[in-house]
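Reproduced below: target.pdb, with PDB, C-alpha atoms.
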MODEL        1
ATOM      1  CA  MET A 251      88.512 126.667 103.317
ATOM      2  CA  LYS A 252      90.059 125.991 106.691
ATOM      3  CA  ILE A 253      90.131 123.162 109.203
ATOM      4  CA  THR A 254      88.920 124.231 112.650
ATOM      5  CA  GLU A 255      88.998 122.536 116.046
ATOM      6  CA  HIS A 256      86.062 122.047 118.408
ATOM      7  CA  ASN A 257      85.469 120.747 121.926
ATOM      8  CA  VAL A 258      81.960 119.471 122.675
ATOM      9  CA  ASN A 259      81.533 117.980 126.153
ATOM     10  CA  GLY A 260      85.215 117.053 126.183
ATOM     11  CA  VAL A 261      85.192 115.426 122.748
ATOM     12  CA  VAL A 262      87.820 117.190 120.646
ATOM     13  CA  TYR A 263      87.365 116.973 116.877
ATOM     14  CA  LEU A 264      88.184 118.845 113.662
ATOM     15  CA  SER A 265      85.915 120.033 110.854
ATOM     16  CA  ALA A 266      85.993 122.056 107.632
ATOM     17  CA  ASP A 267      84.456 125.510 107.888
ATOM     18  CA  GLY A 268      83.393 125.394 104.229
ATOM     19  CA  PHE A 269      81.232 122.324 104.847
ATOM     20  CA  GLU A 270      79.568 124.114 107.754
ATOM     21  CA  ALA A 271      79.017 127.267 105.719
ATOM     22  CA  ALA A 272      77.390 125.283 102.902
ATOM     23  CA  GLY A 273      75.026 123.590 105.363
ATOM     24  CA  GLY A 274      73.083 120.396 104.951
ATOM     25  CA  VAL A 275      75.815 118.085 106.238
ATOM     26  CA  VAL A 276      77.372 116.909 109.509
ATOM     27  CA  HIS A 277      80.957 115.767 109.675
ATOM     28  CA  GLY A 278      84.076 115.540 111.787
ATOM     29  CA  PHE A 279      87.582 114.143 112.174
ATOM     30  CA  SER A 280      88.083 112.566 115.600
ATOM     31  CA  THR A 281      91.102 112.880 117.863
ATOM     32  CA  ARG A 282      91.919 110.485 120.700
ATOM     33  CA  LEU A 283      90.418 112.890 123.257
ATOM     34  CA  GLY A 284      87.057 112.609 124.967
ATOM     35  CA  GLY A 285      86.287 108.892 125.245
ATOM     36  CA  VAL A 286      86.198 106.167 127.886
ATOM     37  CA  SER A 287      88.719 103.585 126.620
ATOM     38  CA  GLN A 288      91.748 102.802 128.757
ATOM     39  CA  GLY A 289      95.384 101.836 128.438
ATOM     40  CA  ILE A 290      96.824 101.980 124.930
ATOM     41  CA  TYR A 291      93.319 102.785 123.650
ATOM     42  CA  ALA A 292      92.809 105.858 125.844
ATOM     43  CA  THR A 293      90.499 107.491 125.355
ATOM     44  CA  LEU A 294      88.385 107.945 122.178
ATOM     45  CA  ASN A 295      89.259 104.761 120.286
ATOM     46  CA  LEU A 296      86.778 104.180 117.443
ATOM     47  CA  SER A 297      88.088 100.824 116.187
ATOM     48  CA  MET A 298      86.212  97.635 117.060
ATOM     49  CA  ASN A 299      88.939  95.295 115.799
ATOM     50  CA  ARG A 300      92.089  96.260 117.685
ATOM     51  CA  GLY A 301      91.340  94.533 121.001
ATOM     52  CA  ASP A 302      89.566  97.281 122.941
ATOM     53  CA  ASP A 303      86.523  96.607 125.146
ATOM     54  CA  PRO A 304      83.517  96.678 122.751
ATOM     55  CA  ASP A 305      81.356  98.462 125.329
ATOM     56  CA  HIS A 306      83.937 101.219 125.597
ATOM     57  CA  VAL A 307      84.063 101.566 121.822
ATOM     58  CA  ARG A 308      80.261 101.772 121.604
ATOM     59  CA  GLU A 309      80.262 104.563 124.167
ATOM     60  CA  ASN A 310      83.027 106.326 122.251
ATOM     61  CA  TYR A 311      80.888 106.170 119.101
ATOM     62  CA  ARG A 312      77.923 107.551 120.996
ATOM     63  CA  ARG A 313      79.992 110.480 122.290
ATOM     64  CA  PHE A 314      81.666 111.314 118.985
ATOM     65  CA  CYS A 315      78.465 111.046 116.966
ATOM     66  CA  ALA A 316      76.642 113.221 119.497
ATOM     67  CA  ALA A 317      79.419 115.820 119.325
ATOM     68  CA  ILE A 318      79.277 116.146 115.521
ATOM     69  CA  GLY A 319      75.513 115.619 115.249
ATOM     70  CA  ALA A 320      75.624 112.317 113.336
ATOM     71  CA  GLY A 321      73.449 109.247 113.779
ATOM     72  CA  SER A 322      75.361 106.299 115.229
ATOM     73  CA  GLU A 323      72.652 103.832 114.178
ATOM     74  CA  ARG A 324      73.300 104.228 110.419
ATOM     75  CA  ILE A 325      77.086 104.074 110.245
ATOM     76  CA  VAL A 326      78.550 102.498 107.115
ATOM     77  CA  CYS A 327      82.225 101.532 106.977
ATOM     78  CA  SER A 328      84.312  99.032 105.023
ATOM     79  CA  SER A 329      87.361  96.824 105.262
ATOM     80  CA  GLN A 330      90.182  99.171 104.242
ATOM     81  CA  VAL A 331      92.896  97.499 102.159
ATOM     82  CA  HIS A 332      94.994 100.415 100.813
ATOM     83  CA  GLY A 333      93.455 100.086  97.351
ATOM     84  CA  ASP A 334      91.510 102.366  95.030
ATOM     85  CA  THR A 335      88.040 100.822  95.206
ATOM     86  CA  VAL A 336      85.203 103.286  95.860
ATOM     87  CA  ARG A 337      81.827 101.819  96.819
ATOM     88  CA  THR A 338      78.506 103.519  96.152
ATOM     89  CA  VAL A 339      76.490 103.036  99.335
ATOM     90  CA  THR A 340      72.811 102.203  98.795
ATOM     91  CA  ALA A 341      69.931 101.343 101.123
ATOM     92  CA  ALA A 342      70.876  97.661 100.782
ATOM     93  CA  ASP A 343      74.176  98.371 102.573
ATOM     94  CA  LEU A 344      72.537  99.650 105.744
ATOM     95  CA  GLY A 345      72.013  97.684 108.919
ATOM     96  CA  VAL A 346      75.463  96.135 109.412
ATOM     97  CA  GLY A 347      76.225  96.593 113.106
ATOM     98  CA  LEU A 348      79.508  97.911 114.430
ATOM     99  CA  ASP A 349      80.203  94.449 115.869
ATOM    100  CA  GLN A 350      79.852  92.737 112.482
ATOM    101  CA  PRO A 351      82.701  92.252 109.983
ATOM    102  CA  GLU A 352      82.603  94.794 107.176
ATOM    103  CA  PRO A 353      80.886  93.067 104.239
ATOM    104  CA  TRP A 354      83.183  94.394 101.532
ATOM    105  CA  GLN A 355      86.620  95.857 100.881
ATOM    106  CA  ALA A 356      86.847  99.492  99.830
ATOM    107  CA  ASP A 357      88.902 102.548 100.708
ATOM    108  CA  GLY A 358      86.291 105.019  99.508
ATOM    109  CA  LEU A 359      82.543 105.385 100.117
ATOM    110  CA  VAL A 360      80.044 107.740  98.442
ATOM    111  CA  THR A 361      76.286 108.174  98.875
ATOM    112  CA  ASP A 362      73.343 110.503  98.361
ATOM    113  CA  ILE A 363      71.183 108.929 101.097
ATOM    114  CA  PRO A 364      70.440 111.385 103.941
ATOM    115  CA  GLY A 365      71.310 110.190 107.415
ATOM    116  CA  VAL A 366      73.838 107.556 106.349
ATOM    117  CA  THR A 367      77.099 108.164 108.226
ATOM    118  CA  LEU A 368      80.047 107.255 106.003
ATOM    119  CA  THR A 369      83.065 106.361 108.128
ATOM    120  CA  VAL A 370      86.761 105.774 107.439
ATOM    121  CA  PHE A 371      89.487 104.961 109.968
ATOM    122  CA  SER A 372      93.061 106.186 110.258
ATOM    123  CA  ALA A 373      96.160 106.428 112.438
ATOM    124  CA  ASP A 374      98.675 108.146 110.090
ATOM    125  CA  CYS A 375      96.953 107.531 106.744
ATOM    126  CA  LEU A 376      94.835 110.426 105.542
ATOM    127  CA  PRO A 377      91.090 110.614 106.099
ATOM    128  CA  ILE A 378      89.513 112.718 103.333
ATOM    129  CA  LEU A 379      85.887 113.903 103.293
ATOM    130  CA  LEU A 380      84.036 115.145 100.208
ATOM    131  CA  TYR A 381      80.775 117.089  99.923
ATOM    132  CA  ASP A 382      78.764 118.402  96.996
ATOM    133  CA  PRO A 383      76.158 120.760  98.468
ATOM    134  CA  VAL A 384      74.478 121.235  95.069
ATOM    135  CA  ARG A 385      73.756 117.600  94.174
ATOM    136  CA  ARG A 386      73.711 116.601  97.868
ATOM    137  CA  VAL A 387      76.343 113.871  97.749
ATOM    138  CA  VAL A 388      79.008 112.952 100.320
ATOM    139  CA  GLY A 389      82.141 110.840 100.242
ATOM    140  CA  ALA A 390      84.729 109.470 102.660
ATOM    141  CA  VAL A 391      88.187 108.251 101.626
ATOM    142  CA  HIS A 392      91.090 106.476 103.349
ATOM    143  CA  ALA A 393      94.370 107.394 101.641
ATOM    144  CA  GLY A 394      97.658 105.900 102.758
ATOM    145  CA  TRP A 395     100.694 106.115 100.515
ATOM    146  CA  ARG A 396      99.519 103.205  98.367
ATOM    147  CA  GLY A 397      96.058 104.706  97.990
ATOM    148  CA  THR A 398      97.598 108.075  97.198
ATOM    149  CA  ALA A 399      99.717 106.556  94.438
ATOM    150  CA  LEU A 400      96.702 104.666  93.076
ATOM    151  CA  GLY A 401      94.609 107.834  93.085
ATOM    152  CA  ILE A 402      91.853 106.755  95.485
ATOM    153  CA  VAL A 403      90.678 110.349  95.972
ATOM    154  CA  THR A 404      90.475 110.828  92.195
ATOM    155  CA  ARG A 405      88.379 107.653  91.957
ATOM    156  CA  ALA A 406      85.994 109.057  94.572
ATOM    157  CA  VAL A 407      85.539 112.323  92.664
ATOM    158  CA  GLU A 408      84.962 110.359  89.459
ATOM    159  CA  ARG A 409      82.346 108.177  91.171
ATOM    160  CA  MET A 410      80.513 111.251  92.516
ATOM    161  CA  SER A 411      80.482 112.726  89.029
ATOM    162  CA  GLN A 412      79.510 109.557  87.163
ATOM    163  CA  CYS A 413      76.906 108.169  89.573
ATOM    164  CA  TYR A 414      75.284 111.336  90.862
ATOM    165  CA  GLY A 415      76.003 113.994  88.267
ATOM    166  CA  CYS A 416      78.209 116.105  90.532
ATOM    167  CA  GLN A 417      79.974 119.043  88.930
ATOM    168  CA  ARG A 418      83.566 118.916  90.088
ATOM    169  CA  MET A 419      83.807 122.646  90.760
ATOM    170  CA  ASP A 420      80.958 122.242  93.271
ATOM    171  CA  ILE A 421      82.723 119.556  95.334
ATOM    172  CA  LEU A 422      84.287 120.555  98.645
ATOM    173  CA  ALA A 423      87.152 118.486 100.082
ATOM    174  CA  ALA A 424      88.685 118.277 103.548
ATOM    175  CA  ILE A 425      91.968 116.431 104.119
ATOM    176  CA  GLY A 426      92.088 115.506 107.788
ATOM    177  CA  PRO A 427      94.939 114.959 110.243
ATOM    178  CA  GLY A 428      97.538 112.383 109.219
ATOM    179  CA  ILE A 429     101.270 111.906 109.097
ATOM    180  CA  SER A 430     102.948 114.970 107.595
ATOM    181  CA  LYS A 431     106.108 115.379 105.571
ATOM    182  CA  CYS A 432     108.082 116.148 108.735
ATOM    183  CA  CYS A 433     107.643 112.574 109.984
ATOM    184  CA  PHE A 434     106.957 110.481 106.873
ATOM    185  CA  GLU A 435     110.492 109.273 106.158
ATOM    186  CA  THR A 436     110.592 106.438 103.641
ATOM    187  CA  HIS A 437     112.739 104.325 101.369
ATOM    188  CA  GLU A 438     112.620 104.801  97.597
ATOM    189  CA  ASP A 439     109.539 102.637  97.065
ATOM    190  CA  VAL A 440     107.164 105.414  98.142
ATOM    191  CA  PRO A 441     108.556 108.290  96.032
ATOM    192  CA  ASN A 442     108.975 105.905  93.103
ATOM    193  CA  ALA A 443     105.294 104.973  93.328
ATOM    194  CA  MET A 444     104.325 108.651  93.363
ATOM    195  CA  THR A 445     106.435 109.650  90.378
ATOM    196  CA  GLU A 446     105.317 106.613  88.402
ATOM    197  CA  ALA A 447     101.699 107.576  89.040
ATOM    198  CA  MET A 448     101.884 111.368  88.829
ATOM    199  CA  GLY A 449     105.074 112.124  86.907
ATOM    200  CA  ALA A 450     106.805 115.453  87.487
ATOM    201  CA  ALA A 451     103.768 116.756  89.400
ATOM    202  CA  ALA A 452     104.872 114.632  92.375
ATOM    203  CA  LEU A 453     108.417 115.963  92.620
ATOM    204  CA  SER A 454     107.705 119.101  94.630
ATOM    205  CA  PHE A 455     106.167 116.921  97.360
ATOM    206  CA  ILE A 456     109.252 114.694  97.741
ATOM    207  CA  GLN A 457     112.411 115.661  99.642
ATOM    208  CA  VAL A 458     115.665 113.729  99.254
ATOM    209  CA  LEU A 459     117.545 113.388 102.548
ATOM    210  CA  PRO A 460     121.352 113.186 102.956
ATOM    211  CA  THR A 461     120.885 109.625 104.261
ATOM    212  CA  GLY A 462     119.472 108.512 100.910
ATOM    213  CA  LYS A 463     115.968 108.252 102.339
ATOM    214  CA  PHE A 464     113.056 110.513 101.435
ATOM    215  CA  ARG A 465     110.340 112.594 103.046
ATOM    216  CA  VAL A 466     106.982 112.564 101.282
ATOM    217  CA  ASP A 467     104.090 115.041 101.641
ATOM    218  CA  LEU A 468     100.969 112.880 101.358
ATOM    219  CA  LYS A 469      98.686 115.820 102.163
ATOM    220  CA  GLY A 470     100.163 117.913  99.378
ATOM    221  CA  LEU A 471      99.992 115.016  96.923
ATOM    222  CA  ASN A 472      96.308 114.410  97.634
ATOM    223  CA  ALA A 473      95.521 118.115  97.377
ATOM    224  CA  ARG A 474      97.278 118.124  93.997
ATOM    225  CA  ARG A 475      95.255 115.086  92.917
ATOM    226  CA  LEU A 476      92.032 116.843  93.902
ATOM    227  CA  GLU A 477      92.976 119.915  91.874
ATOM    228  CA  ALA A 478      93.878 117.718  88.904
ATOM    229  CA  ALA A 479      90.484 116.009  89.264
ATOM    230  CA  GLY A 480      88.791 119.373  88.710
ATOM    231  CA  LEU A 481      88.207 120.780  92.182
ATOM    232  CA  ASP A 482      88.613 124.483  92.883
ATOM    233  CA  PRO A 483      91.760 124.930  95.035
ATOM    234  CA  GLU A 484      89.690 127.260  97.247
ATOM    235  CA  HIS A 485      87.407 124.305  97.964
ATOM    236  CA  ILE A 486      90.190 122.166  99.465
ATOM    237  CA  ALA A 487      91.015 122.359 103.180
ATOM    238  CA  VAL A 488      94.067 120.624 104.645
ATOM    239  CA  ALA A 489      94.610 119.893 108.340
ATOM    240  CA  GLU A 490      98.011 120.980 109.590
ATOM    241  CA  ASP A 491      98.182 118.492 112.463
ATOM    242  CA  CYS A 492     100.676 115.645 112.066
ATOM    243  CA  THR A 493      99.513 112.507 113.854
ATOM    244  CA  CYS A 494     103.079 111.350 114.487
ATOM    245  CA  CYS A 495     104.110 114.708 115.985
ATOM    246  CA  LEU A 496     101.122 114.820 118.363
ATOM    247  CA  PRO A 497     100.874 111.380 120.045
ATOM    248  CA  GLU A 498      98.876 112.756 122.978
ATOM    249  CA  LYS A 499      96.199 114.052 120.593
ATOM    250  CA  TYR A 500      96.154 111.393 117.858
ATOM    251  CA  TRP A 501      97.032 107.766 117.338
ATOM    252  CA  SER A 502      99.987 107.230 115.069
ATOM    253  CA  HIS A 503     100.789 103.747 113.810
ATOM    254  CA  ARG A 504     104.387 104.772 113.251
ATOM    255  CA  TYR A 505     104.856 106.407 116.657
ATOM    256  CA  THR A 506     103.263 103.541 118.635
ATOM    257  CA  HIS A 507     104.666 100.718 116.470
ATOM    258  CA  GLY A 508     101.097  99.523 115.955
ATOM    259  CA  GLU A 509      99.998  99.473 119.619
ATOM    260  CA  ARG A 510      97.069 101.833 119.304
ATOM    261  CA  GLY A 511      93.435 102.648 118.705
ATOM    262  CA  SER A 512      92.074 104.450 115.643
ATOM    263  CA  GLN A 513      90.667 107.815 114.721
ATOM    264  CA  ALA A 514      87.577 108.028 112.515
ATOM    265  CA  ALA A 515      86.303 110.565 110.021
ATOM    266  CA  MET A 516      82.543 110.697 109.487
ATOM    267  CA  ILE A 517      80.186 112.537 107.164
ATOM    268  CA  ALA A 518      76.413 112.385 106.655
ATOM    269  CA  LEU A 519      73.823 114.381 104.776
ATOM    270  CA  ALA A 520      71.560 116.135 107.281
TER     271      ALA A 520
ENDMDL
END

Rewrite the structure of this file - the entire thing - as structure tokens.
Amino acid sequence: MKITEHNVNGVVYLSADGFEAAGGVVHGFSTRLGGVSQGIYATLNLSMNRGDDPDHVRENYRRFCAAIGAGSERIVCSSQVHGDTVRTVTAADLGVGLDQPEPWQADGLVTDIPGVTLTVFSADCLPILLYDPVRRVVGAVHAGWRGTALGIVTRAVERMSQCYGCQRMDILAAIGPGISKCCFETHEDVPNAMTEAMGAAALSFIQVLPTGKFRVDLKGLNARRLEAAGLDPEHIAVAEDCTCCLPEKYWSHRYTHGERGSQAAMIALA
């Protein structure tokens, strides 16, 4: 599978061609292009809690959802806390408005309810979308370095299998734009967390620098976790774009020192 870029009425977003080929689902990874927000939030900010004008954010949601073909009235998101909790979204979870505080903490969401738009937010952390076209189940995951070490994407695959009977070889996965190895320079706490969690399998995704710091490939680590969870490597697409390298196209928490809006990744069963 590959990640492809689209421009619909000025809204630039990314998608996985394998999801589109399978049919029955709408999805997309936003950029910061195509909205109405201003200043540090220009232009397609999709976060309601970073100080942007709420009316601008609502219009940004309308534009992005229209571009990818999703329903903005049934969006479900959560309070992301860099953990490994995956919530199964049911009909009882619907109806929380974008202006309302998220009712629970989770970094992964899964559902089999058509029309429910699962949403995760990012600005360097990885947004990861999952789709089983056979059992008709979707998932959305937020994976920063802590979530990667904890195995949040593995937890999501397990939840899809346990709750909905998904066969892992049927699941498609798309790892969206996030900070890449070129820009993710860290101290030893990050590589130590990866090797403690994944053992020798993590080593090829960690580069030791002459300064004593490290560069870590979060995209590669999550792709490896997906393969270890039972997915077909041909069913995993990885976005090449680095959010920190492309500040005009994406928000990067690291590049802006936290003065930013947020991207969103959305997926819904059609």

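Interatomic distance, atom CA of A:Gln355 to atom CA of A:Val326: 12.2 Å.
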
Extending 6 Å beyond the listed atoms of stretch 407-423 of chain A on each side, what axis-aligned box results? I want centre and edge lengths in Å to one decimal, as JSON.
{"center_x": 81.2, "center_y": 115.4, "center_z": 93.6, "size_x": 23.9, "size_y": 26.5, "size_z": 24.9}

Choose the residue, out of A:Gly284, A:Gly365, A:Pro353, A:Gly428, that has the smallest atom-to-atom separation from A:Arg504; count all atoms listed in the file.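 Nearest to A:Arg504: A:Gly428.
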
Go through A:Ala489, A:Arg324, A:Tyr505, A:Tyr414 one by one, measure the shortest atom-to-atom distance of each to A:Tyr263 using all atoms listed in the file, and give the residue with the smallest value. A:Ala489

Close residues, A:Asn472 itself excluded, 9 Å, all atoms listed in the file, min 6 positions apart in chain, as a list in words: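 Final neighbour list, sorted by chain and number: Leu376, Ala393, Thr398, Gly401, Val403, Thr404 and Ile425 of chain A.
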
Find the distance between atom CA of A:Asn259 and atom CA of A:Ala487 and write it in Å to one decimal.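 Straight-line distance from atom CA of A:Asn259 to atom CA of A:Ala487 works out to 25.2 Å.
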
Please write the residues picked by the PyMOL selection byres ((chain A and resi 300) around 9) on this file as a CSV table (one decimal) with C-alpha atoms, keeping the file's coordinate frame.
chain,number,residue,atom,x,y,z
A,291,TYR,CA,93.3,102.8,123.6
A,297,SER,CA,88.1,100.8,116.2
A,298,MET,CA,86.2,97.6,117.1
A,299,ASN,CA,88.9,95.3,115.8
A,301,GLY,CA,91.3,94.5,121.0
A,302,ASP,CA,89.6,97.3,122.9
A,509,GLU,CA,100.0,99.5,119.6
A,510,ARG,CA,97.1,101.8,119.3
A,511,GLY,CA,93.4,102.6,118.7
A,512,SER,CA,92.1,104.4,115.6
